[in-house]
Amino acid sequence: METEALVLKLDGFEGPLDLLLELARAQKVDLARISILALVEQFLAVIEGARRVRLELAADWLVMAAWLTWLKSRLLVPQLGESEEAETAADILAARLIDLQTIREAARWLGQRPQLGWDVFARGAPEDFVETDRSKLRADLSGLLSAYLAARRRAGGRQQYRPKPMLFFSVQNALERIGRMLGAVPDWASLEQFLPESLEDGLPRRAAIAATLIAGLEMAKDGRLNLRQDEKFGPILMRGRPEELDQGDE
Amino acid sequence: MSEDMTEALRRVEAAVFAASQPVPARTLDALLPEGMVLDEVMAALGAAYAPRGVNLARVAEGWQFRTAPDVAPYLRKVVEQPRRLPRVAMETIAIIAYHQPVTRTEIEEIRGATLSQNTLDLLLETGLITPRGRKETPGRPTLWGTTPAFLAQFGLSDLRALPKREDLLIDPAVPAAPETPPEPPT
Amino acid sequence: MSEDMTEALRRVEAAVFAASQPVPARTLDALLPEGMVLDEVMAALGAAYAPRGVNLARVAEGWQFRTAPDVAPYLRKVVEQPRRLPRVAMETIAIIAYHQPVTRTEIEEIRGATLSQNTLDLLLETGLITPRGRKETPGRPTLWGTTPAFLAQFGLSDLRALPKREDLLIDPAVPAAPETPPEPPT
């Protein structure tokens with residue numbers, strides 16, 4: 001009856017060795033003194049039972065069964081002249097069962113330890129006192145020099161391909177021109193009047209307007225002229241400061 | 001208690017308390033006032049915490065504060081917990097602990113069953129085992145060993161704290177009284 | 001101290017210790033033995049920890065253990081991680097070193113690329129460069145020069161210790177092929 005029950009539970013075993021250990025423990029004696037012969041017979045009975053109910057058996061079960069059948073025959077009939085070999089095999093089997101049982105006990109011992117994260121807990125919000133100091137720089141002189149060379153070479157390389165720069169009316173030009181013209185224009189005059197003659201339309205003209213405005217702002221900051229714009233986008237008007245005009249009059 | 005001892009206790013207490021991992025002796029030693037002996041300080045600290053809800057434990061070659069096992073049922077409501085390891089994983093980690101470094105084939109021979117990918121993945125994922133080089137045999141199979149996380153997980157100071165194999169089998173019929181309160185049904 | 005109080009202290013102590021966040025009052029309240037008042041328990045816990053290396057702190061969301069402020073300096077460990085300057089910054093500082101005092105526009109002309117405000121900010125933050133007045137041209141642009149910190153950083157006794165430009169640019173008339181990969185478009 002016990003065997004029948006085991007057959008149905010064969011899937012529950014971790015393999016033939018697991019079943020053998022279970023059967024050995026059922027003998028309720030010290031594992032070192034179990035009857036291997038009785039164990040073998042029980043195992044084979046379970047396999048027979050499994051075959052009777054046409055259970056599909058995995059290869060390792062059949063291999064173990066075949067080996068145990070061989071072992072049983074030698075243990076039963078020592079006259080075959082291979083009794084020593086059979087006894088060694090029986091000892092090895094017993095030793096393997098002891099090893100497995102030892103591991104089972106070790107696993108159980110570990111399982112009974114208070115486990116971290118289940119039975120005991122470590123600090124949930126650890127504090128980190130490590131500070132990273134990133135204030136220092138990793139930079140040396142050779143790096144500085146090679147960076148300088150790289151910058152100069154790149155700029156040098158680019159200059160080769162730089163198109164001839166267009167000559168625009170510069171802020172410097174505008175400063176001179178306004179300075180010259182202010183005395184000659186007594187009242188508010190629009191910015192356009194300070195532009196040089198014969199400007200090409202488009203970029204040259206726009207550049208000249210921008211340069212004149214910047215120059216005008218610069219001179220206004222220095223107190224040499226006044227600027228005025230009566231409405232948004234309306235004409236910008238310029239006039240020399242009175243003292244400037246006076247001087248111009250002198 | 002001497003003033004030095006009070007100060008020493010405050011420093012090592014703070015250092016062990018602040019860390020989530022076991023703190024090694026040399027780290028703590030560096031914190032002590034001149035002339036103090038670490039073992040004495042740690043013994044005093046352990047004694048001070050013994051009756052409390054948080055205890056000092058010697059684990060994984062260092063010290064760590066851990067909650068007392070008997071308050072665990074209350075904390076399980078507060079703290080998120082990982083799942084328990086299944087029996088196969090427990091047996092496999094036991095084999096690795098006792099036989100390390102050990103190959104997968106050797107593990108399978110001892111258990112008399114194949115080692116599933118799931119179990120290996122689980123043990124690696126939990127950080128309890130790690131490769132320890134390769135065995136110089138045909139195929140050069142990977143050797144496995146346990147990690148400091150294994151020691152921390154099971155509250156072991158080092159591998160020598162594992163029971164001797166002979167002692168495990170003394171009377172397997174009568175299991176030792178569990179150190180922990182019975183688990184609530186899951 | 002009553003037995004209930006001892007037990008209450010152990011539970012809340014363990015809970016606050018193990019939690020990853022400050023523990024709110026209602027969570028702790030649920031852990032107390034019947035009839036205990038949380039405020040009294042937390043006051044007692046706070047008092048027990050007050051002289052120690054770790055203190056109980058009341059924060060907005062609840063309670064939390066924290067290292068005592070006077071012990072923290074012992075635990076502090078400073079790890080130096082010097083940072084590298086980006087290539088653009090190195091080139092800029094090199095140009096400033098050789099051409100100082102120099103305006104931003106001049107730097108851009110020498111490098112043949114625009115100088116981003118980020119790079120300028122970074123260099124100012126390192127303390128390697130400093131404004132050196134303004135150039136008396138329209139717009140009065142800022143002039144840049146190097147600082148004593150620059151000399152210290154690069155191990156120079158003074159600016160004359162920099163190699164001469166002629167020694168570096170062996171044949172400036174013929175620009176060599178760039179050693180560095182082309183700049184990525186910015």
# chains A, B, ... in the order shown; residues from 1 in each chain; ligands from 1

$ interface_residues --of "chain B" --to "chain A" --cutoff "7 Å" --atoms "only C-alpha atoms" --output "number ranges by chain"
B: 17-20, 65-69, 72, 81-82, 90-91, 94-95, 110-113, 152-155, 165, 168-169, 178-180

$ closest_atom_pairs --of "chain B" --to "chain C" --cutoff "8 Å" --atoms "only C-alpha atoms" --output "JSON lines"
{"residue": "B:Leu9", "atom": "CA", "partner": "C:Gly53", "partner_atom": "CA", "distance": 7.5}
{"residue": "B:Arg10", "atom": "CA", "partner": "C:Gly53", "partner_atom": "CA", "distance": 3.9}
{"residue": "B:Arg11", "atom": "CA", "partner": "C:Gly53", "partner_atom": "CA", "distance": 5.9}
{"residue": "B:Val12", "atom": "CA", "partner": "C:Gly53", "partner_atom": "CA", "distance": 7.9}
{"residue": "B:Glu13", "atom": "CA", "partner": "C:Gly53", "partner_atom": "CA", "distance": 5.8}
{"residue": "B:Ala14", "atom": "CA", "partner": "C:Gly53", "partner_atom": "CA", "distance": 4.9}
{"residue": "B:Ala15", "atom": "CA", "partner": "C:Leu75", "partner_atom": "CA", "distance": 6.4}
{"residue": "B:Phe17", "atom": "CA", "partner": "C:Val54", "partner_atom": "CA", "distance": 7.4}
{"residue": "B:Ala18", "atom": "CA", "partner": "C:Thr67", "partner_atom": "CA", "distance": 6.8}
{"residue": "B:Leu31", "atom": "CA", "partner": "C:Tyr74", "partner_atom": "CA", "distance": 6.7}
{"residue": "B:Arg52", "atom": "CA", "partner": "C:Arg10", "partner_atom": "CA", "distance": 5.5}
{"residue": "B:Gly53", "atom": "CA", "partner": "C:Arg10", "partner_atom": "CA", "distance": 3.8}
{"residue": "B:Val54", "atom": "CA", "partner": "C:Ala14", "partner_atom": "CA", "distance": 5.5}
{"residue": "B:Thr67", "atom": "CA", "partner": "C:Ala14", "partner_atom": "CA", "distance": 5.4}
{"residue": "B:Ala68", "atom": "CA", "partner": "C:Ala14", "partner_atom": "CA", "distance": 7.4}
{"residue": "B:Val71", "atom": "CA", "partner": "C:Arg11", "partner_atom": "CA", "distance": 6.0}
{"residue": "B:Tyr74", "atom": "CA", "partner": "C:Leu31", "partner_atom": "CA", "distance": 6.4}
{"residue": "B:Leu75", "atom": "CA", "partner": "C:Ala15", "partner_atom": "CA", "distance": 5.9}
{"residue": "B:Val78", "atom": "CA", "partner": "C:Ala15", "partner_atom": "CA", "distance": 6.9}
{"residue": "B:Val79", "atom": "CA", "partner": "C:Ala19", "partner_atom": "CA", "distance": 6.0}

$ select_by_dssp --residues "segment 22-57 of chain C" --states "alpha helix (DSSP H)" --output "list in words"
Ala25, Arg26, Thr27, Leu28, Asp29, Leu38, Asp39, Glu40, Val41, Met42, Ala43, Ala44, Leu45, Gly46, Ala47, Ala48 and Tyr49 of chain C

$ calpha_fit_rmsd --fixed "chain B" --moving "chain C"
19.7 Å

$ closest_atom_pairs --of "segment 92-173 of chain C" --to "segment 131-136 of chain A" --cutoff "12 Å" --atoms "only C-alpha atoms" --output "CSV"
residue,atom,partner,partner_atom,distance
C:Leu122,CA,A:Ser135,CA,11.9
C:Glu125,CA,A:Ser135,CA,9.9
C:Thr126,CA,A:Ser135,CA,8.1
C:Gly127,CA,A:Ser135,CA,10.7
C:Leu128,CA,A:Lys136,CA,11.7
C:Ala149,CA,A:Lys136,CA,11.3
C:Ala152,CA,A:Lys136,CA,11.7
C:Gln153,CA,A:Lys136,CA,9.1

$ select_by_dssp --residues "segment 24-181 of chain A" --states "strand (DSSP E or B)" --output "ChimeraX atom specification"
/A:116,120,130-133,137

$ write_last_selection --atoms "N, CA, C and O atoms" --output "PDB file, in the first residue's frame"
ATOM      1  N   LEU A 116      17.780  37.758   7.060  1.00  0.00           N
ATOM      2  CA  LEU A 116      17.747  39.196   6.806  1.00  0.00           C
ATOM      3  C   LEU A 116      16.630  39.499   5.807  1.00  0.00           C
ATOM      4  O   LEU A 116      16.489  38.827   4.804  1.00  0.00           O
ATOM      5  N   VAL A 120      14.797  39.422  10.458  1.00  0.00           N
ATOM      6  CA  VAL A 120      15.513  40.583  10.989  1.00  0.00           C
ATOM      7  C   VAL A 120      15.679  41.578   9.844  1.00  0.00           C
ATOM      8  O   VAL A 120      15.711  41.192   8.684  1.00  0.00           O
ATOM      9  N   VAL A 130      29.900  59.658   2.749  1.00  0.00           N
ATOM     10  CA  VAL A 130      30.976  59.843   1.773  1.00  0.00           C
ATOM     11  C   VAL A 130      30.676  61.074   0.936  1.00  0.00           C
ATOM     12  O   VAL A 130      29.600  61.211   0.370  1.00  0.00           O
ATOM     13  N   GLU A 131      31.621  61.993   0.915  1.00  0.00           N
ATOM     14  CA  GLU A 131      31.435  63.193   0.116  1.00  0.00           C
ATOM     15  C   GLU A 131      32.393  63.158  -1.061  1.00  0.00           C
ATOM     16  O   GLU A 131      33.548  62.806  -0.898  1.00  0.00           O
ATOM     17  N   THR A 132      31.895  63.509  -2.201  1.00  0.00           N
ATOM     18  CA  THR A 132      32.753  63.567  -3.377  1.00  0.00           C
ATOM     19  C   THR A 132      33.185  65.009  -3.594  1.00  0.00           C
ATOM     20  O   THR A 132      32.357  65.897  -3.706  1.00  0.00           O
ATOM     21  N   ASP A 133      34.482  65.197  -3.595  1.00  0.00           N
ATOM     22  CA  ASP A 133      35.019  66.531  -3.802  1.00  0.00           C
ATOM     23  C   ASP A 133      35.423  66.676  -5.262  1.00  0.00           C
ATOM     24  O   ASP A 133      36.430  66.141  -5.698  1.00  0.00           O
ATOM     25  N   LEU A 137      40.681  70.299 -10.230  1.00  0.00           N
ATOM     26  CA  LEU A 137      40.691  70.067 -11.668  1.00  0.00           C
ATOM     27  C   LEU A 137      41.783  69.083 -12.026  1.00  0.00           C
ATOM     28  O   LEU A 137      42.854  69.089 -11.429  1.00  0.00           O
TER      29      LEU A 137
END

$ closest_residue --among "A:Leu213, A:Ala207, A:Leu141, A:Gly240" --to "Arg180 of chain A" --atoms "only C-alpha atoms"
A:Gly240

$ residues_around --residues "Met42 of chain C" --least-positions-apart "3" --cutoff "9 Å" --atoms "only C-alpha atoms" --output "ChimeraX atom specification"
/C:9,12-13,37-39,45-47,56,63

$ residues_around --residues "Glu106 of chain B" --least-positions-apart "3" --cutoff "12 Å" --atoms "only C-alpha atoms" --output "list of chain:residue names"
B:Thr92, B:Ile95, B:Ile96, B:His99, B:Gln100, B:Pro101, B:Val102, B:Thr103, B:Glu109, B:Ile110, B:Arg111, B:Gly112, B:Ala113, B:Thr114, B:Leu115, B:Lys135, B:Pro141, B:Thr142, B:Leu143, B:Trp144
